[in-house]
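Enquirer: Just passing along the structure, written as structure tokens.
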Amino acid sequence: MRHVQSTDDVPTARGGTGVGGRDGAGRLAAADLGAALGERATLVQFSSAFCAPCRATRRVLAEVAALVPGVAHVEIDAEARLELVRALEIRSTPTVLVLDAAGRVVRRAAGQPRKADVIAALGEAV
């Protein structure tokens, strides 16, 4: 995953109230994502309609989610969820967030990830 940031570098919504289930600890809830969180971790992908790297990213993340028990993959259409995009300061697609079981963002990366990098990033979440 390119441009990987640690949790210290991950932006959170100002005040923690702009997005449904977010709290002051910078967590995302199922209501924010429109899908259930994974039991162990969640791979959240922000995509746009005409983004070729987004399609490749979808395949990589789906493969990893199928390989690792308890990991879910959620794809979000950035254009349809502008409030969430702004709250999380998503600047480009694809952008991938790795959430732990509680919905905390532990890693984020922009660009098309490699499978090995996604699996390594999951190591911090599980």
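Scheme for the structure tokens: letters A, B, ... for chains in order shown; per-chain residue numbers from 1; ligand numbers from 1 in order shown.
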Going by DSSP on the backbone, which residues of chain A come out as helix (DSSP H, G or I)? List them as a VMD selection string.
Expert: chain A and resid 7 to 9 14 to 16 30 to 33 52 to 67 82 to 87 115 to 125
Enquirer: Taking 5 positions as the minimum chain separation for residues in the same chain, which residues sit within 9 Å of Ser92 in chain A when counting only C-alpha atoms? Answer as a list in words.
Expert: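 That gives Phe46, Ser47, Ala110 and Gly111 of chain A.
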Enquirer: Could you go through chain A and tell me which residues DSSP, when run on the backbone, assigns to strand (DSSP E or B), listing them as a list of chain:residue names?
Expert: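 Those residues are A:Gln5, A:Arg27, A:Ala41, A:Thr42, A:Leu43, A:Val44, A:Gln45, A:Phe46, A:Ser47, A:Val71, A:Ala72, A:His73, A:Val74, A:Glu75, A:Ile76, A:Asp77, A:Thr95, A:Val96, A:Leu97, A:Val98, A:Leu99, A:Asp100, A:Arg104, A:Val105, A:Val106, A:Arg107, A:Arg108, A:Ala109, A:Ala110.
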Enquirer: Considering only C-alpha atoms, can you say which of A:Leu84, A:Ala120, A:Ile76, A:Ala101 comes closest to Glu39 in chain A?
Expert: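 Of the candidates, the smallest distance to Glu39 in chain A is held by A:Ala101.
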Enquirer: Tell me, as an NGL selection string, which residues lie within 10 Å of Ala65 in chain A, counting only C-alpha atoms; anything in the same chain fewer than 3 positions away does not count.
Expert: :A and (38 or 41-43 or 59-62 or 68-74 or 118-119)
Enquirer: Any idea what the distance is between CA of Ile90 in chain A and CA of Gln112 in chain A?
Expert: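 Computing the Euclidean distance for CA of Ile90 in chain A and CA of Gln112 in chain A yields 14.5 Å.
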Enquirer: Given only C-alpha atoms as the basis, pick out the residue of A:Ala102, A:Leu67, A:Ala49, A:Ala109 nearest to Leu37 in chain A.
Expert: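 Under the stated criterion, the closest residue is A:Ala102.
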Enquirer: Determine, counting only C-alpha atoms, which protein, DNA and RNA residues have an atom within 12 Å of an atom of Gly34 in chain A; residues of the same chain fewer than 2 positions away are not included. Present the result as a list in words.
Expert: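 Near neighbours after the sequence-gap exclusion: Val19, Gly20, Gly21, Leu28, Ala29, Ala30, Ala31, Asp32, Ala36, Leu37, Val44, His73, Val74, Glu75, Ile76, Asp77, Ala80, Arg81 and Leu84 of chain A.
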Enquirer: Suppose you want the space between CA of Glu89 in chain A and CA of Glu63 in chain A; what is it in Å?
Expert: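 So the two atoms, CA of Glu89 in chain A and CA of Glu63 in chain A, lie 26.4 Å apart.
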Enquirer: Between A:Ala78, A:Val64, A:Asp100, A:Ala87, single out the one closest to Lys115 in chain A, counting only C-alpha atoms.
Expert: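 Nearest to Lys115 in chain A: A:Val64.
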Enquirer: So which one's closest to Val105 in chain A, A:Thr93, A:Glu124, A:Glu79, A:Arg58? Using only C-alpha atoms, please.
Expert: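 Going through A:Thr93, A:Glu124, A:Glu79, A:Arg58 one by one, the smallest distance to Val105 in chain A is for A:Glu124.
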